[in-house]
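Text of input.cif, listed as mmCIF, C-alpha atoms (C1' of nucleotides):
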```
data_input
#
loop_
_atom_site.label_atom_id
_atom_site.label_comp_id
_atom_site.auth_asym_id
_atom_site.auth_seq_id
_atom_site.Cartn_x
_atom_site.Cartn_y
_atom_site.Cartn_z
CA MET A 565 7.45 -6.40 22.11
CA LYS A 566 5.02 -7.26 19.34
CA ILE A 567 5.23 -4.91 16.38
CA ALA A 568 3.27 -5.07 13.14
CA THR A 569 2.60 -3.40 9.83
CA TRP A 570 -0.52 -3.30 7.68
CA ASN A 571 -1.40 -1.44 4.52
CA VAL A 572 -5.11 -0.95 5.18
CA ASN A 573 -6.08 0.69 1.86
CA SER A 574 -8.27 3.35 3.53
CA LEU A 575 -8.46 3.51 7.31
CA LYS A 576 -12.02 4.78 7.06
CA VAL A 577 -13.18 1.67 5.23
CA ARG A 578 -11.01 -0.69 7.28
CA LEU A 579 -11.41 0.76 10.78
CA SER A 580 -13.57 -2.14 11.99
CA HIS A 581 -10.99 -4.64 10.73
CA VAL A 582 -8.19 -2.73 12.47
CA LEU A 583 -10.10 -2.58 15.75
CA GLU A 584 -10.88 -6.30 15.60
CA TRP A 585 -7.30 -7.14 14.77
CA LEU A 586 -5.91 -5.00 17.61
CA ALA A 587 -8.27 -6.61 20.08
CA ALA A 588 -7.34 -10.11 18.96
CA ASN A 589 -3.58 -9.58 18.62
CA GLN A 590 -2.71 -6.88 21.14
CA PRO A 591 0.47 -5.59 19.46
CA GLU A 592 2.49 -2.90 21.21
CA VAL A 593 2.88 -1.11 17.88
CA LEU A 594 0.94 -1.24 14.60
CA CYS A 595 2.20 0.73 11.61
CA LEU A 596 -0.44 1.61 9.01
CA GLN A 597 -0.07 2.67 5.40
CA GLU A 598 -2.52 4.06 2.87
CA THR A 599 -4.74 5.56 5.54
CA LYS A 600 -6.06 7.96 2.85
CA THR A 601 -7.28 10.16 5.69
CA GLU A 602 -6.61 13.81 6.42
CA ASP A 603 -5.33 14.36 9.95
CA ALA A 604 -8.47 16.28 10.92
CA ASN A 605 -10.53 13.13 10.21
CA PHE A 606 -8.20 10.59 11.84
CA PRO A 607 -10.27 8.20 14.02
CA ALA A 608 -8.21 8.87 17.15
CA ALA A 609 -11.16 8.56 19.56
CA GLU A 610 -12.23 5.11 18.34
CA LEU A 611 -8.65 3.88 18.60
CA GLN A 612 -8.19 5.37 22.05
CA GLN A 613 -11.35 3.56 23.11
CA ALA A 614 -9.56 0.37 22.03
CA GLY A 615 -6.52 1.27 24.14
CA TYR A 616 -4.29 2.67 21.41
CA ARG A 617 -2.66 6.04 20.97
CA ALA A 618 -1.84 7.24 17.48
CA VAL A 619 0.57 9.50 15.64
CA PHE A 620 -0.19 10.10 12.00
CA SER A 621 0.59 11.99 8.84
CA GLY A 622 -2.16 11.83 6.29
CA GLN A 623 -3.62 13.43 3.23
CA LYS A 624 -6.78 13.23 1.20
CA THR A 625 -7.25 10.34 -1.28
CA TYR A 626 -3.75 8.89 -1.37
CA ASN A 627 -0.93 7.70 0.86
CA GLY A 628 -1.02 8.49 4.59
CA VAL A 629 0.80 6.69 7.41
CA ALA A 630 0.18 6.21 11.12
CA ILE A 631 1.62 4.41 14.12
CA LEU A 632 -0.79 3.01 16.68
CA SER A 633 0.69 2.09 20.04
CA LYS A 634 -0.08 1.22 23.62
CA LEU A 635 2.76 3.44 24.85
CA GLU A 636 3.16 7.10 24.11
CA ALA A 637 5.25 7.90 21.02
CA GLN A 638 8.47 9.79 21.63
CA ASP A 639 10.66 11.82 19.26
CA VAL A 640 8.15 11.74 16.41
CA VAL A 641 9.52 12.53 12.96
CA ILE A 642 7.34 13.03 9.89
CA GLY A 643 8.80 12.53 6.42
CA ILE A 644 12.42 11.92 5.51
CA PRO A 645 14.35 14.90 6.91
CA GLY A 646 15.80 17.03 4.12
CA PHE A 647 13.86 15.19 1.41
CA ALA A 648 11.09 17.35 0.01
CA ASP A 649 8.00 15.20 -0.60
CA GLU A 650 4.38 16.25 -0.84
CA GLN A 651 3.30 12.67 -0.32
CA LYS A 652 2.76 11.47 3.23
CA ARG A 653 4.76 8.28 3.34
CA VAL A 654 6.91 8.26 6.48
CA ILE A 655 6.41 8.58 10.20
CA ALA A 656 8.86 7.50 12.90
CA ALA A 657 8.75 7.38 16.68
CA THR A 658 10.39 5.70 19.66
CA PHE A 659 8.58 3.28 21.96
CA ASP A 660 10.31 1.90 25.03
CA GLY A 661 13.74 2.47 23.47
CA VAL A 662 12.84 0.90 20.13
CA ARG A 663 12.92 3.21 17.13
CA VAL A 664 10.00 2.43 14.83
CA VAL A 665 10.04 3.73 11.26
CA CYS A 666 6.79 3.35 9.32
CA VAL A 667 7.18 3.60 5.55
CA TYR A 668 4.95 3.54 2.51
CA ILE A 669 7.44 3.24 -0.32
CA PRO A 670 6.18 4.46 -3.71
CA ASN A 671 4.75 1.90 -6.11
CA GLY A 672 6.48 3.22 -9.22
CA GLN A 673 3.67 2.24 -11.60
CA SER A 674 5.89 1.05 -14.48
CA LEU A 675 9.56 1.01 -15.35
CA ASP A 676 9.19 3.84 -17.87
CA SER A 677 7.16 6.07 -15.56
CA ASP A 678 8.32 9.23 -13.80
CA LYS A 679 6.89 7.55 -10.71
CA TYR A 680 9.51 4.85 -11.03
CA GLN A 681 12.29 7.47 -10.98
CA TYR A 682 10.59 9.03 -7.97
CA LYS A 683 10.56 5.61 -6.31
CA LEU A 684 14.29 5.07 -6.92
CA SER A 685 15.26 8.54 -5.67
CA TRP A 686 12.97 8.03 -2.70
CA LEU A 687 14.83 4.81 -1.86
CA VAL A 688 18.18 6.61 -2.08
CA ALA A 689 16.94 9.24 0.39
CA LEU A 690 15.51 6.55 2.67
CA GLN A 691 18.77 4.63 2.82
CA ALA A 692 20.83 7.77 3.55
CA TRP A 693 18.46 8.77 6.34
CA LEU A 694 18.29 5.28 7.88
CA LYS A 695 22.07 5.13 7.95
CA GLU A 696 22.06 8.22 10.17
CA GLU A 697 19.05 7.06 12.14
CA LEU A 698 20.83 3.79 13.02
CA VAL A 699 23.67 5.73 14.61
CA ARG A 700 21.21 7.62 16.76
CA TYR A 701 18.96 4.64 17.40
CA PRO A 702 20.79 1.29 17.15
CA ARG A 703 17.62 -0.53 18.21
CA LEU A 704 15.59 0.18 15.10
CA ALA A 705 12.84 -1.46 13.05
CA VAL A 706 11.58 -0.34 9.65
CA LEU A 707 8.07 -1.58 8.95
CA GLY A 708 5.81 -0.99 6.03
CA ASP A 709 4.70 -1.49 2.49
CA TYR A 710 7.98 -1.51 0.56
CA ASN A 711 6.42 -2.20 -2.82
CA ILE A 712 9.41 -4.47 -3.46
CA ALA A 713 9.41 -8.26 -3.66
CA PRO A 714 13.04 -8.90 -2.67
CA GLU A 715 13.48 -12.32 -4.31
CA ASP A 716 11.73 -14.46 -6.88
CA ALA A 717 10.59 -16.64 -3.94
CA ASP A 718 8.44 -13.66 -2.93
CA VAL A 719 6.52 -13.72 -6.23
CA TYR A 720 3.84 -16.28 -7.19
CA ASP A 721 4.89 -16.29 -10.85
CA PRO A 722 8.29 -14.63 -11.30
CA GLN A 723 8.18 -15.10 -15.09
CA ALA A 724 4.92 -13.19 -15.35
CA TRP A 725 6.38 -10.28 -13.40
CA VAL A 726 9.60 -9.80 -15.38
CA GLY A 727 9.82 -6.19 -16.55
CA ASN A 728 7.42 -4.96 -13.90
CA VAL A 729 7.78 -2.69 -10.92
CA LEU A 730 8.08 -4.38 -7.52
CA VAL A 731 10.53 -6.96 -8.89
CA SER A 732 12.99 -4.92 -11.00
CA GLU A 733 16.69 -5.19 -10.31
CA PRO A 734 17.18 -1.53 -9.30
CA GLU A 735 14.42 -1.88 -6.70
CA ARG A 736 15.82 -5.14 -5.40
CA SER A 737 19.27 -3.58 -5.31
CA ALA A 738 17.87 -0.73 -3.21
CA PHE A 739 16.33 -3.29 -0.86
CA ARG A 740 19.69 -5.02 -0.51
CA GLY A 741 21.19 -1.60 0.20
CA LEU A 742 18.96 -1.36 3.26
CA GLN A 743 20.06 -4.83 4.30
CA GLN A 744 23.69 -3.75 3.93
CA LEU A 745 23.05 -1.13 6.59
CA GLY A 746 22.57 -4.10 8.90
CA LEU A 747 18.80 -4.27 8.60
CA ARG A 748 17.61 -7.85 8.44
CA ASP A 749 14.47 -9.08 6.69
CA SER A 750 12.89 -10.50 9.83
CA PHE A 751 10.58 -12.81 7.89
CA ARG A 752 13.57 -14.68 6.47
CA LEU A 753 15.22 -15.14 9.86
CA PHE A 754 12.80 -17.98 10.46
CA GLU A 755 11.50 -21.03 8.68
CA GLN A 756 8.43 -20.00 6.73
CA PRO A 757 5.75 -21.69 4.65
CA GLU A 758 6.47 -21.77 0.91
CA LYS A 759 4.59 -19.24 -1.18
CA SER A 760 4.17 -16.75 1.63
CA TYR A 761 2.79 -13.44 0.41
CA SER A 762 1.46 -10.24 1.98
CA TRP A 763 -0.50 -8.81 -0.96
CA TRP A 764 -2.95 -10.27 -3.48
CA ASP A 765 -4.69 -8.44 -6.31
CA TYR A 766 -8.39 -7.88 -5.79
CA ARG A 767 -9.02 -9.24 -9.26
CA MET A 768 -8.90 -12.74 -10.71
CA MET A 769 -9.66 -14.36 -7.35
CA ALA A 770 -5.96 -13.87 -6.69
CA PHE A 771 -6.16 -14.53 -2.95
CA ARG A 772 -8.07 -17.77 -3.33
CA ARG A 773 -5.49 -18.87 -5.89
CA ASN A 774 -2.62 -17.51 -3.75
CA MET A 775 -1.39 -15.35 -6.62
CA GLY A 776 0.45 -12.91 -4.38
CA LEU A 777 3.61 -11.01 -3.66
CA ARG A 778 5.54 -10.47 -0.44
CA ILE A 779 6.04 -6.71 -0.48
CA ASP A 780 5.29 -5.77 3.15
CA HIS A 781 8.32 -6.17 5.37
CA ILE A 782 9.76 -5.67 8.83
CA LEU A 783 13.47 -4.93 8.77
CA ILE A 784 15.26 -5.23 12.10
CA SER A 785 18.64 -3.80 13.12
CA GLU A 786 21.32 -6.08 14.50
CA ALA A 787 21.06 -4.56 17.98
CA LEU A 788 17.41 -5.54 18.16
CA ALA A 789 16.68 -9.17 18.93
CA CYS A 790 13.88 -10.79 16.95
CA SER A 791 12.26 -14.04 18.06
CA ASN A 792 9.52 -14.43 15.45
CA CYS A 793 8.00 -12.99 12.30
CA LEU A 794 4.83 -14.08 10.55
CA ILE A 795 2.29 -13.03 7.97
CA ASP A 796 -1.26 -13.10 9.32
CA ARG A 797 -3.54 -13.99 6.42
CA ALA A 798 -6.72 -13.96 8.49
CA PRO A 799 -7.79 -10.36 7.75
CA ARG A 800 -7.52 -10.99 4.00
CA LYS A 801 -10.39 -13.46 4.36
CA LEU A 802 -12.80 -10.94 5.88
CA GLU A 803 -15.61 -9.23 4.03
CA ARG A 804 -14.29 -6.23 2.08
CA PRO A 805 -10.65 -6.78 3.01
CA SER A 806 -7.58 -4.69 2.35
CA ASP A 807 -5.55 -6.15 -0.50
CA HIS A 808 -2.61 -6.36 1.98
CA THR A 809 -2.51 -8.39 5.16
CA PRO A 810 -0.60 -7.74 8.42
CA VAL A 811 3.02 -8.74 9.04
CA VAL A 812 3.97 -9.22 12.70
CA ALA A 813 7.30 -9.53 14.48
CA GLU A 814 8.34 -10.11 18.07
CA VAL A 815 11.36 -8.00 19.06
CA ALA A 816 13.25 -7.25 22.24
"C1'" DA B 1483 -6.83 -11.22 -20.68
"C1'" DT B 1484 -2.62 -4.28 -20.75
"C1'" DG B 1485 -7.47 -5.84 -16.84
"C1'" DG B 1486 -10.79 -8.71 -14.88
"C1'" DC B 1487 -11.22 -5.05 -8.29
"C1'" DT B 1488 -11.31 -1.31 -4.93
"C1'" DT B 1489 -10.79 3.28 -3.24
"C1'" DC B 1490 -11.67 8.18 -3.40
"C1'" DA B 1491 -12.88 11.37 -6.22
"C1'" DT B 1492 -16.14 13.81 -9.18
"C1'" DA B 1493 -19.72 13.59 -12.54
"C1'" DG B 1494 -14.01 12.48 -17.07
"C1'" DT B 1495 -12.27 10.03 -22.22
"C1'" DG B 1496 -11.44 8.92 -14.06
"C1'" DA B 1497 -6.78 8.13 -11.43
"C1'" DA B 1498 -4.09 5.10 -9.00
"C1'" DG B 1499 -2.91 1.16 -6.83
"C1'" DA B 1500 0.34 -3.38 -7.31
#
```

I need this file expressed as structure tokens, please.
Amino acid sequence: MKIATWNVNSLKVRLSHVLEWLAANQPEVLCLQETKTEDANFPAAELQQAGYRAVFSGQKTYNGVAILSKLEAQDVVIGIPGFADEQKRVIAATFDGVRVVCVYIPNGQSLDSDKYQYKLSWLVALQAWLKEELVRYPRLAVLGDYNIAPEDADVYDPQAWVGNVLVSEPERSAFRGLQQLGLRDSFRLFEQPEKSYSWWDYRMMAFRRNMGLRIDHILISEALACSNCLIDRAPRKLERPSDHTPVVAEVA
DNA sequence: ATGGCTTCATAGTGAAGA
């Protein structure tokens, strides 16, 4: 089963890229973040035309998540149960016995920001929920934009990022907390090219210079076999790309 | 280089992203 995640930075702007990518790659499941689309405007018809169903939780301007799939979604959950959050950042559903959790983890802005505290408390709630979710659904994958570069190897210039969000020790510790639940960073289960990233700043010709971070991840439970994981850089080369590029895993 | 893009928003001295 091919599953994937992609922060599209506006589904409205990126719909043609998504449709092209689905046609070329034919994943069973594609998790989207930053759809920035209210549910009433979700492009369900265009996606259905392409052979994909969708479940989604969106809002105007910011955030917004969706899961596109060939199969019908079952047991859909929106948000982290019991965690009050205005921001639409989580949607989960089951496909063919595989629990798929789509997350858009907060950015945090800066270490002294209230948004950073929100990010850390959000990660605490996520871990507590996933611990329960794993009992209910041992075959589980968590895909999305984590806004965390787990190791210095996931950062083009670790020195330049010291003191910044995405690389701080509390965030990395929270990421390891998810791993301690038995969730494996599928990308690191396999030999990968050096300097593999999933996001590049729009500025400074960062993509051309490969000044990126690996912050989009697919975590896989131990009960779920994983035979491959890769970052597909191709969509980042298109005209008017998202600043993130898809991450894809093969699970069974 | 404290942003140099990009988006959605509104018409801001923009906000936010990462």

Take every atom of chain B listed in the file, fit an axis-aligned box around them, add 5 Å per side, and give the centre and edge lengths in Å to one decimal as JSON.
```
{"center_x": -9.7, "center_y": 1.3, "center_z": -12.7, "size_x": 30.1, "size_y": 35.0, "size_z": 29.0}
```

Query raised in the report: Counting only C-alpha atoms (C1' of nucleotides), which of A:Val811, A:Ser674, A:Gln743, A:Gln681 gets nearest to DT1484 of chain B?
Result: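 Looking only at the distances to DT1484 of chain B, the closest residue turns out to be A:Ser674.
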
Query raised in the report: What are the residues of chain B that have an atom within 9 Å of an atom of chain A, counting all atoms listed in the file, as a list of chain:residue names?
Result: B:DG1485, B:DG1486, B:DC1487, B:DT1488, B:DT1489, B:DC1490, B:DA1491, B:DA1498, B:DG1499, B:DA1500

Could those selected residues go to a file with C-alpha atoms (C1' of nucleotides), as a PDB file, in the frame of the given file?
```pdb
ATOM      1  C1'  DG B1485      -7.470  -5.840 -16.840  1.00  0.00           C
ATOM      2  C1'  DG B1486     -10.790  -8.710 -14.880  1.00  0.00           C
ATOM      3  C1'  DC B1487     -11.220  -5.050  -8.290  1.00  0.00           C
ATOM      4  C1'  DT B1488     -11.310  -1.310  -4.930  1.00  0.00           C
ATOM      5  C1'  DT B1489     -10.790   3.280  -3.240  1.00  0.00           C
ATOM      6  C1'  DC B1490     -11.670   8.180  -3.400  1.00  0.00           C
ATOM      7  C1'  DA B1491     -12.880  11.370  -6.220  1.00  0.00           C
ATOM      8  C1'  DA B1498      -4.090   5.100  -9.000  1.00  0.00           C
ATOM      9  C1'  DG B1499      -2.910   1.160  -6.830  1.00  0.00           C
ATOM     10  C1'  DA B1500       0.340  -3.380  -7.310  1.00  0.00           C
TER      11       DA B1500
END
```

Report task. Please provide as a count of residues only all residues within 6 Å of segment 630-637 of chain A, with the sequence filter that same-chain residues fewer than 6 positions apart are discarded (counting all atoms listed in the file). Result -> 13

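Taking only C-alpha atoms (C1' of nucleotides), the non-local environment of Ser621 of chain A within 7 Å (same-chain residues fewer than 5 positions away omitted) comprises Asp603, Gly628, Val629, Ala630, Ile642, Lys652 and Ile655 of chain A.
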
**Report entry** Contacts of segment 750-759 of chain A within 6 Å, only C-alpha atoms (C1' of nucleotides), excl. fewer than 5 positions in-chain, as a list of chain:residue names
**Finding:**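 Close residues of segment 750-759 of chain A: A:Ile782, A:Leu783, A:Cys793.
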
Query - Between atom CA of Tyr668 of chain A and atom CA of Ile644 of chain A, distance in Å (one decimal) - result: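 Atom CA of Ile644 of chain A lies 11.6 Å from atom CA of Tyr668 of chain A.
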
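Candidate residues A:Ala789, A:Val726, A:Ile669, A:Ala608 were compared for distance to Leu684 of chain A, and the nearest is A:Ile669, using all atoms listed in the file.
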
Requested in this report: For each of A:Arg653, A:Lys679, A:Arg772, A:Arg700, take the minimum atom-to-atom distance to Val667 of chain A, counting all atoms listed in the file, then give the residue where this is smallest.
Outcome: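 Nearest candidate to Val667 of chain A out of A:Arg653, A:Lys679, A:Arg772, A:Arg700: A:Arg653.
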
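Summary of the local environment: counting all atoms listed in the file, residues at most 6 Å from Leu707 of chain A, other than itself and those fewer than 5 positions away along its chain, are A:Thr569, A:Cys666, A:His781, A:Ile782.
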
Requested in this report: Give me, please, the distance in Å between atom CA of Gly746 of chain A and atom CA of Val665 of chain A, quoted to one decimal.
Outcome: 15.0 Å

Could you state which residues are captured by the PyMOL selection byres ((chain A and resi 799) around 12) in this file, as a PDB file with C-alpha atoms, keeping the file's coordinate frame?
```
ATOM      1  CA  TRP A 570      -0.520  -3.300   7.680  1.00  0.00           C
ATOM      2  CA  ASN A 571      -1.400  -1.440   4.520  1.00  0.00           C
ATOM      3  CA  VAL A 572      -5.110  -0.950   5.180  1.00  0.00           C
ATOM      4  CA  ARG A 578     -11.010  -0.690   7.280  1.00  0.00           C
ATOM      5  CA  SER A 580     -13.570  -2.140  11.990  1.00  0.00           C
ATOM      6  CA  HIS A 581     -10.990  -4.640  10.730  1.00  0.00           C
ATOM      7  CA  VAL A 582      -8.190  -2.730  12.470  1.00  0.00           C
ATOM      8  CA  LEU A 583     -10.100  -2.580  15.750  1.00  0.00           C
ATOM      9  CA  GLU A 584     -10.880  -6.300  15.600  1.00  0.00           C
ATOM     10  CA  TRP A 585      -7.300  -7.140  14.770  1.00  0.00           C
ATOM     11  CA  LEU A 586      -5.910  -5.000  17.610  1.00  0.00           C
ATOM     12  CA  ALA A 588      -7.340 -10.110  18.960  1.00  0.00           C
ATOM     13  CA  ASN A 589      -3.580  -9.580  18.620  1.00  0.00           C
ATOM     14  CA  SER A 762       1.460 -10.240   1.980  1.00  0.00           C
ATOM     15  CA  TRP A 763      -0.500  -8.810  -0.960  1.00  0.00           C
ATOM     16  CA  PHE A 771      -6.160 -14.530  -2.950  1.00  0.00           C
ATOM     17  CA  ILE A 795       2.290 -13.030   7.970  1.00  0.00           C
ATOM     18  CA  ASP A 796      -1.260 -13.100   9.320  1.00  0.00           C
ATOM     19  CA  ARG A 797      -3.540 -13.990   6.420  1.00  0.00           C
ATOM     20  CA  ALA A 798      -6.720 -13.960   8.490  1.00  0.00           C
ATOM     21  CA  ARG A 800      -7.520 -10.990   4.000  1.00  0.00           C
ATOM     22  CA  LYS A 801     -10.390 -13.460   4.360  1.00  0.00           C
ATOM     23  CA  LEU A 802     -12.800 -10.940   5.880  1.00  0.00           C
ATOM     24  CA  GLU A 803     -15.610  -9.230   4.030  1.00  0.00           C
ATOM     25  CA  ARG A 804     -14.290  -6.230   2.080  1.00  0.00           C
ATOM     26  CA  PRO A 805     -10.650  -6.780   3.010  1.00  0.00           C
ATOM     27  CA  SER A 806      -7.580  -4.690   2.350  1.00  0.00           C
ATOM     28  CA  ASP A 807      -5.550  -6.150  -0.500  1.00  0.00           C
ATOM     29  CA  HIS A 808      -2.610  -6.360   1.980  1.00  0.00           C
ATOM     30  CA  THR A 809      -2.510  -8.390   5.160  1.00  0.00           C
ATOM     31  CA  PRO A 810      -0.600  -7.740   8.420  1.00  0.00           C
ATOM     32  CA  VAL A 811       3.020  -8.740   9.040  1.00  0.00           C
TER      33      VAL A 811
END
```

Query - Between atom CA of Val815 of chain A and atom CA of Leu690 of chain A, distance in Å (one decimal) - result: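 Atom-to-atom, atom CA of Val815 of chain A and atom CA of Leu690 of chain A are spaced 22.3 Å apart.
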
Taking the point (19.8, -0.5, 6.6) as given in the file, collect each protein or nucleic acid residue that comes within 8 Å of it, counting all atoms listed in the file, and present the set as a compact mmCIF listing (two decimals) with C-alpha atoms, keeping the file's coordinate frame.
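Generated output (result-v4.txt):
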```
# COMPACT_ATOMS: atom_id res chain seq x y z
CA GLN A 691 18.77 4.63 2.82
CA LEU A 694 18.29 5.28 7.88
CA LYS A 695 22.07 5.13 7.95
CA LEU A 698 20.83 3.79 13.02
CA GLY A 741 21.19 -1.60 0.20
CA LEU A 742 18.96 -1.36 3.26
CA GLN A 743 20.06 -4.83 4.30
CA GLN A 744 23.69 -3.75 3.93
CA LEU A 745 23.05 -1.13 6.59
CA GLY A 746 22.57 -4.10 8.90
CA LEU A 747 18.80 -4.27 8.60
CA ARG A 748 17.61 -7.85 8.44
CA SER A 785 18.64 -3.80 13.12
```
